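**Q** Contents are mmCIF, C-alpha atoms and all ligand atoms; file name data-v4.cif:
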```cif
data_entry
#
loop_
_atom_site.label_atom_id
_atom_site.label_comp_id
_atom_site.auth_asym_id
_atom_site.auth_seq_id
_atom_site.Cartn_x
_atom_site.Cartn_y
_atom_site.Cartn_z
CA MET K 1 -5.98 -22.41 -16.89
CA GLU K 2 -3.11 -20.33 -15.62
CA THR K 3 -4.11 -16.86 -14.44
CA VAL K 4 -2.40 -13.96 -16.15
CA HIS K 5 -1.33 -11.37 -13.60
CA THR K 6 -1.47 -7.70 -14.42
CA LEU K 7 2.17 -7.54 -13.44
CA GLU K 8 4.70 -10.19 -12.69
CA LEU K 9 8.31 -9.74 -11.63
CA LYS K 10 10.44 -12.86 -11.83
CA GLN K 11 13.78 -12.79 -10.06
CA VAL K 12 14.50 -9.24 -11.11
CA THR K 13 17.93 -7.85 -10.28
CA LYS K 14 19.43 -4.43 -10.96
CA ARG K 15 23.15 -4.27 -10.48
CA ILE K 16 25.00 -0.96 -10.57
CA LYS K 17 28.77 -0.91 -10.14
CA GLY K 18 28.79 -4.43 -8.79
CA LYS K 19 26.10 -3.72 -6.23
CA ASN K 20 22.64 -5.29 -6.34
CA ILE K 21 20.32 -2.31 -5.87
CA VAL K 22 17.38 -4.63 -6.53
CA ASP K 23 18.15 -8.21 -5.68
CA ASN K 24 16.29 -11.21 -7.07
CA LEU K 25 12.88 -9.61 -6.58
CA SER K 26 9.75 -11.58 -7.45
CA PHE K 27 6.11 -10.66 -6.93
CA SER K 28 2.91 -10.42 -8.89
CA VAL K 29 -0.01 -8.00 -8.86
CA GLN K 30 -3.54 -9.10 -9.62
CA LYS K 31 -6.30 -7.35 -11.47
CA GLY K 32 -8.06 -4.72 -9.39
CA GLU K 33 -5.59 -4.94 -6.54
CA ILE K 34 -3.86 -2.08 -4.73
CA PHE K 35 -0.35 -3.32 -4.10
CA GLY K 36 2.18 -1.55 -1.90
CA LEU K 37 5.96 -1.46 -2.11
CA LEU K 38 7.04 -0.69 1.43
CA GLY K 39 10.57 -0.04 2.56
CA PRO K 40 12.86 2.63 4.00
CA ASN K 41 14.62 5.21 1.84
CA GLY K 42 17.19 3.51 -0.34
CA ALA K 43 15.42 0.13 -0.26
CA GLY K 44 15.10 0.06 -4.05
CA LYS K 45 11.45 1.01 -4.55
CA THR K 46 12.03 3.70 -7.17
CA THR K 47 14.59 1.56 -8.99
CA THR K 48 12.05 -1.27 -9.14
CA ILE K 49 9.39 1.06 -10.52
CA ARG K 50 11.80 2.54 -13.06
CA MET K 51 12.48 -0.95 -14.37
CA ILE K 52 8.76 -1.79 -14.57
CA VAL K 53 8.00 1.33 -16.60
CA GLY K 54 11.04 0.79 -18.81
CA LEU K 55 13.00 3.89 -17.77
CA ILE K 56 15.99 1.70 -16.95
CA SER K 57 16.92 -1.82 -17.94
CA MET K 58 17.14 -4.76 -15.58
CA THR K 59 20.35 -6.73 -15.16
CA GLU K 60 18.63 -10.09 -14.70
CA GLY K 61 15.11 -11.44 -14.53
CA GLU K 62 11.85 -10.95 -16.29
CA ILE K 63 8.98 -8.48 -16.07
CA LEU K 64 5.60 -9.36 -17.57
CA VAL K 65 2.70 -6.96 -18.03
CA ASN K 66 -0.52 -8.87 -18.66
CA GLY K 67 1.68 -11.74 -19.71
CA LEU K 68 3.79 -9.63 -22.10
CA ASP K 69 7.53 -9.66 -21.57
CA ILE K 70 8.52 -5.99 -21.47
CA ARG K 71 11.77 -6.72 -23.29
CA LYS K 72 10.14 -8.60 -26.13
CA ASN K 73 6.95 -6.53 -26.40
CA TYR K 74 8.09 -3.21 -25.03
CA GLU K 75 5.55 -0.92 -26.65
CA LYS K 76 2.54 -3.16 -26.19
CA ALA K 77 3.49 -3.71 -22.55
CA MET K 78 3.99 0.02 -21.90
CA GLU K 79 0.61 0.86 -23.42
CA GLN K 80 -0.90 -0.94 -20.46
CA ILE K 81 0.89 1.07 -17.82
CA GLY K 82 0.21 4.56 -16.54
CA ALA K 83 2.70 5.96 -14.06
CA ILE K 84 3.94 8.95 -12.12
CA VAL K 85 7.58 8.37 -11.29
CA GLU K 86 9.01 11.85 -11.42
CA ASN K 87 6.95 15.05 -11.26
CA PRO K 88 4.84 15.12 -14.40
CA GLN K 89 5.37 18.03 -16.80
CA MET K 90 2.51 20.50 -16.63
CA TYR K 91 1.87 23.87 -18.23
CA ASP K 92 1.28 26.18 -15.29
CA TYR K 93 -0.42 28.91 -17.30
CA LEU K 94 -3.01 26.53 -18.74
CA THR K 95 -6.01 25.05 -16.99
CA GLY K 96 -5.92 21.45 -15.89
CA TYR K 97 -8.36 20.63 -18.64
CA LYS K 98 -6.22 22.26 -21.34
CA ASN K 99 -3.22 20.32 -20.03
CA LEU K 100 -5.11 17.09 -20.48
CA MET K 101 -6.18 18.18 -23.97
CA GLN K 102 -2.54 18.87 -24.88
CA TYR K 103 -1.54 15.47 -23.67
CA ALA K 104 -4.46 13.74 -25.37
CA ARG K 105 -3.39 15.22 -28.70
CA ILE K 106 -0.19 13.21 -28.70
CA MET K 107 -1.93 10.01 -27.65
CA PRO K 108 -3.91 8.01 -30.14
CA GLY K 109 -7.50 7.20 -29.35
CA VAL K 110 -8.10 9.54 -26.39
CA THR K 111 -11.53 11.11 -26.77
CA LYS K 112 -13.08 14.12 -25.07
CA GLU K 113 -15.35 11.67 -23.26
CA ARG K 114 -12.32 9.89 -21.88
CA ILE K 115 -10.93 13.18 -20.56
CA ASP K 116 -14.19 13.87 -18.75
CA GLU K 117 -14.17 10.35 -17.42
CA VAL K 118 -10.69 10.58 -15.89
CA VAL K 119 -11.45 14.01 -14.44
CA LYS K 120 -14.40 12.45 -12.70
CA LEU K 121 -12.37 9.44 -11.61
CA VAL K 122 -9.87 11.59 -9.72
CA GLU K 123 -12.69 13.80 -8.39
CA MET K 124 -11.39 16.97 -9.97
CA GLU K 125 -14.44 18.40 -11.67
CA TYR K 126 -14.42 21.40 -9.35
CA ALA K 127 -10.91 22.54 -10.27
CA ILE K 128 -10.28 21.28 -13.76
CA HIS K 129 -10.98 24.66 -15.40
CA LYS K 130 -8.65 26.53 -13.07
CA LYS K 131 -5.08 27.29 -14.03
CA VAL K 132 -2.53 24.80 -12.85
CA LYS K 133 -0.42 27.50 -11.21
CA ALA K 134 -3.23 27.89 -8.65
CA TYR K 135 -3.22 24.19 -7.83
CA SER K 136 -2.13 22.72 -4.52
CA LEU K 137 0.32 19.83 -4.52
CA GLY K 138 -2.56 17.40 -4.11
CA MET K 139 -4.40 18.88 -7.09
CA ARG K 140 -1.28 18.74 -9.25
CA GLN K 141 -0.89 15.13 -8.33
CA ARG K 142 -4.50 14.40 -9.24
CA LEU K 143 -4.01 16.03 -12.58
CA GLY K 144 -0.92 13.86 -13.04
CA VAL K 145 -2.92 10.76 -12.19
CA ALA K 146 -5.68 11.85 -14.59
CA GLN K 147 -3.05 12.23 -17.29
CA ALA K 148 -1.54 8.84 -16.52
CA LEU K 149 -5.01 7.28 -16.83
CA LEU K 150 -5.99 8.87 -20.15
CA HIS K 151 -4.99 5.90 -22.27
CA ASN K 152 -6.92 3.57 -19.96
CA PRO K 153 -4.01 1.50 -18.63
CA SER K 154 -4.65 -1.69 -16.69
CA LEU K 155 -1.86 -0.81 -14.24
CA LEU K 156 -1.33 2.52 -12.51
CA ILE K 157 1.97 3.07 -10.68
CA LEU K 158 2.55 5.92 -8.26
CA ASP K 159 5.93 6.38 -6.58
CA GLU K 160 5.50 7.79 -3.04
CA PRO K 161 2.13 9.39 -3.83
CA THR K 162 1.45 10.48 -0.27
CA ASN K 163 4.59 12.64 -0.03
CA GLY K 164 3.59 16.17 0.84
CA LEU K 165 -0.14 15.48 1.01
CA ASP K 166 -2.22 16.77 3.89
CA PRO K 167 -4.65 14.39 5.65
CA GLN K 168 -7.53 15.43 3.40
CA GLY K 169 -5.42 14.90 0.30
CA MET K 170 -4.38 11.50 1.60
CA HIS K 171 -7.98 10.56 2.24
CA ASP K 172 -9.03 11.65 -1.24
CA LEU K 173 -6.14 9.73 -2.81
CA ARG K 174 -7.19 6.56 -1.03
CA ASN K 175 -10.77 7.04 -2.18
CA TYR K 176 -10.09 7.46 -5.83
CA LEU K 177 -7.46 4.73 -5.94
CA ARG K 178 -9.99 2.38 -4.41
CA ALA K 179 -12.61 3.45 -6.94
CA LEU K 180 -10.14 2.74 -9.73
CA ALA K 181 -9.28 -0.65 -8.33
CA ASP K 182 -12.96 -1.47 -8.00
CA GLN K 183 -13.27 -0.84 -11.72
CA GLY K 184 -10.54 -3.40 -12.37
CA THR K 185 -7.41 -1.24 -12.60
CA SER K 186 -4.43 -2.58 -10.69
CA VAL K 187 -2.52 -0.02 -8.66
CA ILE K 188 1.03 -0.02 -7.29
CA VAL K 189 2.02 2.57 -4.71
CA SER K 190 5.33 2.87 -2.93
CA SER K 191 5.92 4.35 0.49
CA HIS K 192 8.15 4.26 3.52
CA ILE K 193 5.19 4.97 5.77
CA LEU K 194 3.54 1.95 7.33
CA ALA K 195 0.34 3.49 8.54
CA GLU K 196 -0.50 4.85 5.10
CA MET K 197 0.12 1.54 3.39
CA GLU K 198 -2.06 -0.20 5.91
CA LEU K 199 -4.94 2.10 5.01
CA MET K 200 -4.39 2.11 1.28
CA CYS K 201 -3.28 -1.33 0.11
CA ASP K 202 -4.66 -4.82 -0.23
CA ARG K 203 -1.21 -6.39 -0.12
CA VAL K 204 2.21 -5.08 0.72
CA ALA K 205 5.65 -6.23 -0.40
CA VAL K 206 8.20 -5.32 2.23
CA ILE K 207 11.57 -4.49 0.68
CA GLN K 208 14.89 -4.03 2.42
CA HIS K 209 18.29 -3.61 0.70
CA GLY K 210 16.64 -4.44 -2.63
CA LYS K 211 15.39 -7.79 -1.38
CA LEU K 212 11.87 -8.96 -0.73
CA VAL K 213 11.48 -9.52 2.99
CA ARG K 214 7.91 -10.65 2.78
CA ILE K 215 4.59 -10.16 1.08
CA ASP K 216 1.84 -9.45 3.52
CA ASN K 217 -1.88 -9.43 3.01
CA VAL K 218 -2.99 -6.23 4.66
CA THR K 219 -6.46 -7.59 5.35
CA ASN K 220 -4.81 -10.26 7.50
CA VAL K 221 -3.53 -7.52 9.73
CA THR K 222 -7.02 -6.79 10.89
CA ASP K 223 -7.96 -10.43 11.26
CA GLN K 224 -9.19 -11.54 14.63
CA ALA K 225 -6.74 -14.43 14.74
CA ASP K 226 -3.89 -12.34 16.06
CA ALA K 227 -5.92 -10.33 18.53
CA THR K 228 -5.21 -9.92 22.19
CA VAL K 229 -7.92 -9.15 24.73
CA HIS K 230 -7.10 -6.90 27.65
CA PHE K 231 -9.21 -7.31 30.79
CA LYS K 232 -8.86 -4.53 33.31
CA VAL K 233 -9.38 -6.30 36.60
CA ASP K 234 -9.74 -5.10 40.18
CA GLY K 235 -8.45 -7.72 42.58
CA ASP K 236 -5.87 -10.44 42.69
CA LEU K 237 -4.56 -10.70 39.13
CA LEU K 238 -2.29 -13.64 39.83
CA LYS K 239 -5.24 -15.53 41.20
CA ALA K 240 -7.24 -14.63 38.10
CA LYS K 241 -4.43 -15.89 35.90
CA GLU K 242 -4.37 -19.12 37.86
CA VAL K 243 -8.14 -19.60 37.58
CA LEU K 244 -8.12 -19.07 33.84
CA GLY K 245 -5.04 -21.22 33.43
CA GLU K 246 -6.87 -24.11 35.10
CA GLN K 247 -10.17 -23.64 33.31
CA LEU K 248 -8.90 -22.67 29.85
CA PRO K 249 -5.45 -24.18 29.56
CA ASP K 250 -5.24 -23.53 25.82
CA ILE K 251 -5.44 -19.76 26.08
CA PRO K 252 -2.16 -17.99 26.91
CA VAL K 253 -2.55 -15.40 29.69
CA VAL K 254 -0.09 -12.79 30.93
CA VAL K 255 -0.39 -10.08 33.56
CA GLU K 256 0.51 -6.56 32.45
CA GLY K 257 0.03 -3.89 35.11
CA ASN K 258 -3.58 -4.10 36.21
CA GLU K 259 -4.56 -6.00 33.09
CA LEU K 260 -4.86 -9.62 32.13
CA VAL K 261 -3.81 -10.02 28.54
CA LEU K 262 -5.13 -13.04 26.69
CA GLN K 263 -4.34 -14.28 23.23
CA ILE K 264 -7.53 -15.53 21.75
CA GLN K 265 -8.47 -17.06 18.42
CA GLN K 266 -12.22 -16.67 18.84
CA PRO K 267 -13.60 -13.27 19.85
CA ASP K 268 -16.82 -14.95 21.04
CA ALA K 269 -14.77 -16.38 23.93
CA ILE K 270 -14.64 -12.92 25.52
CA GLY K 271 -18.03 -13.24 27.24
CA ASP K 272 -17.15 -16.64 28.60
CA ILE K 273 -13.82 -15.43 30.00
CA ASN K 274 -15.51 -12.43 31.56
CA LYS K 275 -18.04 -14.70 33.27
CA ARG K 276 -15.30 -16.93 34.65
CA LEU K 277 -13.44 -13.94 36.08
CA VAL K 278 -16.59 -12.60 37.75
CA MET K 279 -17.43 -16.05 39.15
CA ALA K 280 -13.93 -16.18 40.62
CA GLY K 281 -14.77 -13.01 42.53
CA LEU K 282 -12.87 -10.51 40.39
CA MET K 283 -14.31 -7.26 39.18
CA VAL K 284 -13.81 -6.58 35.48
CA TYR K 285 -14.12 -2.90 34.70
CA GLY K 286 -12.86 -2.82 31.15
CA ILE K 287 -12.41 -5.14 28.20
CA GLN K 288 -10.46 -4.13 25.14
CA LEU K 289 -9.77 -6.06 21.95
CA LYS K 290 -6.42 -5.10 20.40
CA LYS K 291 -5.33 -6.21 16.97
CA LYS K 292 -1.75 -6.38 15.91
CA THR K 293 -0.74 -3.49 13.75
CA LEU K 294 1.32 -3.75 10.62
CA GLU K 295 4.13 -2.20 12.60
CA GLU K 296 4.13 -4.96 15.18
CA ARG K 297 4.06 -7.61 12.47
CA PHE K 298 6.79 -5.76 10.69
CA LEU K 299 9.07 -5.83 13.71
CA GLU K 300 8.31 -9.49 14.19
CA MET K 301 9.25 -10.37 10.65
CA THR K 302 12.44 -8.33 10.48
CA GLY K 303 13.71 -8.57 14.03
CA LYS K 304 14.71 -5.63 16.17
CA GLY K 305 17.60 -3.38 15.22
CA GLY K 306 17.27 -3.88 11.48
CA ASP K 307 17.20 -1.07 8.99
CA LEU K 308 13.48 -1.47 8.68
CA ASN K 309 13.16 0.38 11.94
CA GLU K 310 13.88 3.42 9.80
CA VAL K 311 10.53 2.89 8.21
CA SER K 312 8.31 5.56 9.53
CA VAL K 313 5.21 4.41 11.32
CA THR K 314 3.26 7.61 11.31
CA GLY K 315 5.02 9.61 8.65
CA HIS K 316 7.28 11.68 10.89
N1 LIG J 1 21.89 5.22 -10.89
C1 LIG J 1 22.33 4.83 -9.69
N2 LIG J 1 23.64 4.63 -9.46
C2 LIG J 1 24.08 4.21 -8.26
N3 LIG J 1 23.28 3.96 -7.22
C3 LIG J 1 21.96 4.14 -7.38
C4 LIG J 1 21.40 4.58 -8.62
N4 LIG J 1 20.06 4.65 -8.49
C5 LIG J 1 19.80 4.30 -7.21
N5 LIG J 1 20.93 3.99 -6.55
C6 LIG J 1 21.00 3.52 -5.16
O1 LIG J 1 20.18 2.41 -5.03
C7 LIG J 1 19.54 2.38 -3.78
C8 LIG J 1 18.05 2.30 -3.96
O2 LIG J 1 17.56 3.54 -4.43
P1 LIG J 1 16.03 3.81 -4.71
O3 LIG J 1 15.51 2.79 -5.66
O4 LIG J 1 15.90 5.24 -5.12
O5 LIG J 1 15.40 3.56 -3.29
P2 LIG J 1 13.98 4.01 -2.70
O6 LIG J 1 13.14 4.50 -3.82
O7 LIG J 1 13.43 2.79 -2.04
O8 LIG J 1 14.27 5.08 -1.70
C9 LIG J 1 20.00 3.61 -3.04
O9 LIG J 1 21.04 3.24 -2.18
C10 LIG J 1 20.48 4.52 -4.14
O10 LIG J 1 21.50 5.36 -3.67
MG MG J 2 12.19 6.33 -4.05
#
```
Here is a file; write its structure as structure tokens.
**A**
Amino acid sequence: METVHTLELKQVTKRIKGKNIVDNLSFSVQKGEIFGLLGPNGAGKTTTIRMIVGLISMTEGEILVNGLDIRKNYEKAMEQIGAIVENPQMYDYLTGYKNLMQYARIMPGVTKERIDEVVKLVEMEYAIHKKVKAYSLGMRQRLGVAQALLHNPSLLILDEPTNGLDPQGMHDLRNYLRALADQGTSVIVSSHILAEMELMCDRVAVIQHGKLVRIDNVTNVTDQADATVHFKVDGDLLKAKEVLGEQLPDIPVVVEGNELVLQIQQPDAIGDINKRLVMAGLMVYGIQLKKKTLEERFLEMTGKGGDLNEVSVTGH
């Protein structure tokens, strides 16, 4: 049986004035997955999201929500999406709760129980009866997410949700998005900030000039397979390199400063390598396992000097 993805984009293109803003973009998002759209400003993230939520039309291609073509089954498909693309409209002089009540009135089938449920989901019980005008940016966003979740969509889409959030707000956002995903909701977030995506997402689609550069499994980033081990060694490093080269010819070794850097596939080889260095008369006074970061992989996949270098690593 073929699996139905929560969302599937098939060769989607948006052309404006002869220019492909989004260019032949294909990817799919699975149930309960947090999926990132990562790319520098102007890459086409917002345009992609606007097409998914039906705010603008696509020039070519197909978008399916739970198997429903959004052009053929527009309303049914949209019922399954909750999104914050622009700033959601809120009544400042009402409490968060009253805002949700207002919104629920125009949506069929939203019960009081559902309101309480979404308030809990975004961890807002403590502030929901305060007026929105007293809310911080992070609280406003949470209320927006609560609102977007009221009709129990299977896909939540947030465009640049970490913009303007402080570290605590960022941490909270990650927590409740993960809780949502664990309950089976699929989540799409966009960002130009690598480090945040690495912490938040299961998979990331890297986009540049409207094109998909690559889809990366974020969990792979922390895999041991791409790790390097740094041995801080007192003594003749070149001799150490030679010894290891003879004894373990399959493991690449380079000398960096006072360190021997080894590329290893199996972390359990560390003890063995350490022993060999000591037996060769070298003193090891530090061992460090370093995994490749998303940033390093990113530079590898795009090459130096590309526009993707404009992607911010830390958010500044
Ligand atoms: N309506 C439009 N008309 C012309 N150009 C547009 C329009 N909307 C977006 N663009 C251009 O398309 C590119 C992608 O924009 P956008 O999707 O907002 O990127 P991102 O969200 O990744 O920063 C940008 O160069 C932007 O200027
Ligand atoms: Mg944008």
**Q** Given the choices K:Tyr126, K:Ile273, K:Val29, K:Ala104, which gets closest to K:Ser154 if the distance is worked out from all atoms listed in the file?
**A** K:Val29
**Q** Check which residues fall inside 10 Å of ligand LIG 1 (chain J) when counting all atoms listed in the file, and print them as JSON, numbers by chain.
**A** {"K": [14, 15, 16, 17, 18, 19, 20, 21, 22, 37, 38, 39, 40, 41, 42, 43, 44, 45, 46, 47, 48, 49, 50, 51, 56, 159, 160, 190, 191, 192, 207, 208, 209, 210]}
**Q** Return as AutoDock Vina command-line options the box centre and box size in Å, one decimal, for an axis-aligned box around all listed atoms of stretch 179-198 of chain K padded by 5 Å per side.
**A**
```
--center_x -2.6 --center_y 0.8 --center_z -2.0 --size_x 31.4 --size_y 18.4 --size_z 31.1
```
**Q** Quote the spacing between atom CA of K:Thr228 and atom CA of K:Met200 in Å to one decimal place.
**A** 24.1 Å
**Q** Within 12 Å of stretch 71-75 of chain K, counting all atoms listed in the file, which residues qualify if same-chain residues fewer than 4 places away don't, as an MDAnalysis selection string?
**A** chainID K and resid 51:67 79:81
**Q** Every residue with an atom at most 12 Å from (1.4, 15.8, -7.4) (file coordinates; all atoms listed in the file) is what I'm after, so could you write them as an mmCIF file with C-alpha atoms, in the coordinates of the input?
**A**
```cif
data_model
loop_
_atom_site.group_PDB
_atom_site.id
_atom_site.type_symbol
_atom_site.label_atom_id
_atom_site.label_comp_id
_atom_site.auth_asym_id
_atom_site.auth_seq_id
_atom_site.Cartn_x
_atom_site.Cartn_y
_atom_site.Cartn_z
ATOM 1 C CA ALA K 83 2.700 5.960 -14.060
ATOM 2 C CA ILE K 84 3.940 8.950 -12.120
ATOM 3 C CA VAL K 85 7.580 8.370 -11.290
ATOM 4 C CA GLU K 86 9.010 11.850 -11.420
ATOM 5 C CA ASN K 87 6.950 15.050 -11.260
ATOM 6 C CA PRO K 88 4.840 15.120 -14.400
ATOM 7 C CA GLN K 89 5.370 18.030 -16.800
ATOM 8 C CA MET K 90 2.510 20.500 -16.630
ATOM 9 C CA VAL K 132 -2.530 24.800 -12.850
ATOM 10 C CA TYR K 135 -3.220 24.190 -7.830
ATOM 11 C CA SER K 136 -2.130 22.720 -4.520
ATOM 12 C CA LEU K 137 0.320 19.830 -4.520
ATOM 13 C CA GLY K 138 -2.560 17.400 -4.110
ATOM 14 C CA MET K 139 -4.400 18.880 -7.090
ATOM 15 C CA ARG K 140 -1.280 18.740 -9.250
ATOM 16 C CA GLN K 141 -0.890 15.130 -8.330
ATOM 17 C CA ARG K 142 -4.500 14.400 -9.240
ATOM 18 C CA LEU K 143 -4.010 16.030 -12.580
ATOM 19 C CA GLY K 144 -0.920 13.860 -13.040
ATOM 20 C CA VAL K 145 -2.920 10.760 -12.190
ATOM 21 C CA ALA K 146 -5.680 11.850 -14.590
ATOM 22 C CA GLN K 147 -3.050 12.230 -17.290
ATOM 23 C CA ALA K 148 -1.540 8.840 -16.520
ATOM 24 C CA LEU K 158 2.550 5.920 -8.260
ATOM 25 C CA ASP K 159 5.930 6.380 -6.580
ATOM 26 C CA GLU K 160 5.500 7.790 -3.040
ATOM 27 C CA PRO K 161 2.130 9.390 -3.830
ATOM 28 C CA THR K 162 1.450 10.480 -0.270
ATOM 29 C CA ASN K 163 4.590 12.640 -0.030
ATOM 30 C CA GLY K 164 3.590 16.170 0.840
ATOM 31 C CA LEU K 165 -0.140 15.480 1.010
ATOM 32 C CA ASP K 166 -2.220 16.770 3.890
ATOM 33 C CA GLY K 169 -5.420 14.900 0.300
ATOM 34 C CA MET K 170 -4.380 11.500 1.600
ATOM 35 C CA LEU K 173 -6.140 9.730 -2.810
#
```
**Q** Between K:Asp250, K:Val189, K:Leu149, K:Gln266, which has the minimum distance to ligand MG 2 (chain J) (counting only C-alpha atoms and all ligand atoms)?
**A**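 Of the candidates, the smallest distance to ligand MG 2 (chain J) is held by K:Val189.
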**Q** Applying 7 Å and all atoms listed in the file, which residues near K:Leu289 remain after dropping the ones on its own chain fewer than 4 positions away? List them as a list in words.
**A**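 That gives Ala227, Thr228, Val229 and His230 of chain K.
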**Q** Filtering to C-alpha atoms, could you give me those residues as a CSV table (one decimal), in the coordinates of the input?
**A**
```csv
chain,number,residue,atom,x,y,z
K,227,ALA,CA,-5.9,-10.3,18.5
K,228,THR,CA,-5.2,-9.9,22.2
K,229,VAL,CA,-7.9,-9.2,24.7
K,230,HIS,CA,-7.1,-6.9,27.6
```
**Q** May I ask you to restore N, CA, C and O atoms in stretch 156-167 of chain K and write the result as an mmCIF file, in the coordinates of the input?
**A**
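Result file is rebuild29.cif:
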```
data_model
loop_
_atom_site.group_PDB
_atom_site.id
_atom_site.type_symbol
_atom_site.label_atom_id
_atom_site.label_comp_id
_atom_site.auth_asym_id
_atom_site.auth_seq_id
_atom_site.Cartn_x
_atom_site.Cartn_y
_atom_site.Cartn_z
ATOM 1 N N LEU K 156 -1.753 1.163 -12.860
ATOM 2 C CA LEU K 156 -1.330 2.520 -12.510
ATOM 3 C C LEU K 156 -0.244 2.418 -11.441
ATOM 4 O O LEU K 156 -0.410 1.711 -10.452
ATOM 5 N N ILE K 157 0.874 3.129 -11.650
ATOM 6 C CA ILE K 157 1.970 3.070 -10.680
ATOM 7 C C ILE K 157 2.280 4.468 -10.171
ATOM 8 O O ILE K 157 2.538 5.385 -10.965
ATOM 9 N N LEU K 158 2.256 4.624 -8.860
ATOM 10 C CA LEU K 158 2.550 5.920 -8.260
ATOM 11 C C LEU K 158 3.693 5.749 -7.245
ATOM 12 O O LEU K 158 3.577 4.971 -6.297
ATOM 13 N N ASP K 159 4.784 6.474 -7.480
ATOM 14 C CA ASP K 159 5.930 6.380 -6.580
ATOM 15 C C ASP K 159 5.770 7.401 -5.454
ATOM 16 O O ASP K 159 5.721 8.605 -5.707
ATOM 17 N N GLU K 160 5.666 6.942 -4.237
ATOM 18 C CA GLU K 160 5.500 7.790 -3.040
ATOM 19 C C GLU K 160 4.394 8.844 -3.229
ATOM 20 O O GLU K 160 4.636 10.044 -3.078
ATOM 21 N N PRO K 161 3.185 8.415 -3.525
ATOM 22 C CA PRO K 161 2.130 9.390 -3.830
ATOM 23 C C PRO K 161 1.659 10.199 -2.624
ATOM 24 O O PRO K 161 1.039 11.245 -2.795
ATOM 25 N N THR K 162 1.959 9.746 -1.431
ATOM 26 C CA THR K 162 1.450 10.480 -0.270
ATOM 27 C C THR K 162 2.421 11.570 0.191
ATOM 28 O O THR K 162 2.079 12.365 1.054
ATOM 29 N N ASN K 163 3.618 11.601 -0.406
ATOM 30 C CA ASN K 163 4.590 12.640 -0.030
ATOM 31 C C ASN K 163 4.002 14.036 -0.176
ATOM 32 O O ASN K 163 3.557 14.407 -1.251
ATOM 33 N N GLY K 164 4.022 14.779 0.905
ATOM 34 C CA GLY K 164 3.590 16.170 0.840
ATOM 35 C C GLY K 164 2.083 16.378 0.861
ATOM 36 O O GLY K 164 1.620 17.504 0.776
ATOM 37 N N LEU K 165 1.313 15.306 0.961
ATOM 38 C CA LEU K 165 -0.140 15.480 1.010
ATOM 39 C C LEU K 165 -0.611 15.731 2.437
ATOM 40 O O LEU K 165 -0.084 15.153 3.380
ATOM 41 N N ASP K 166 -1.629 16.583 2.569
ATOM 42 C CA ASP K 166 -2.220 16.770 3.890
ATOM 43 C C ASP K 166 -3.233 15.636 4.134
ATOM 44 O O ASP K 166 -3.525 14.866 3.224
ATOM 45 N N PRO K 167 -3.747 15.524 5.355
ATOM 46 C CA PRO K 167 -4.650 14.390 5.650
ATOM 47 C C PRO K 167 -5.853 14.311 4.704
ATOM 48 O O PRO K 167 -6.246 13.221 4.293
#
```
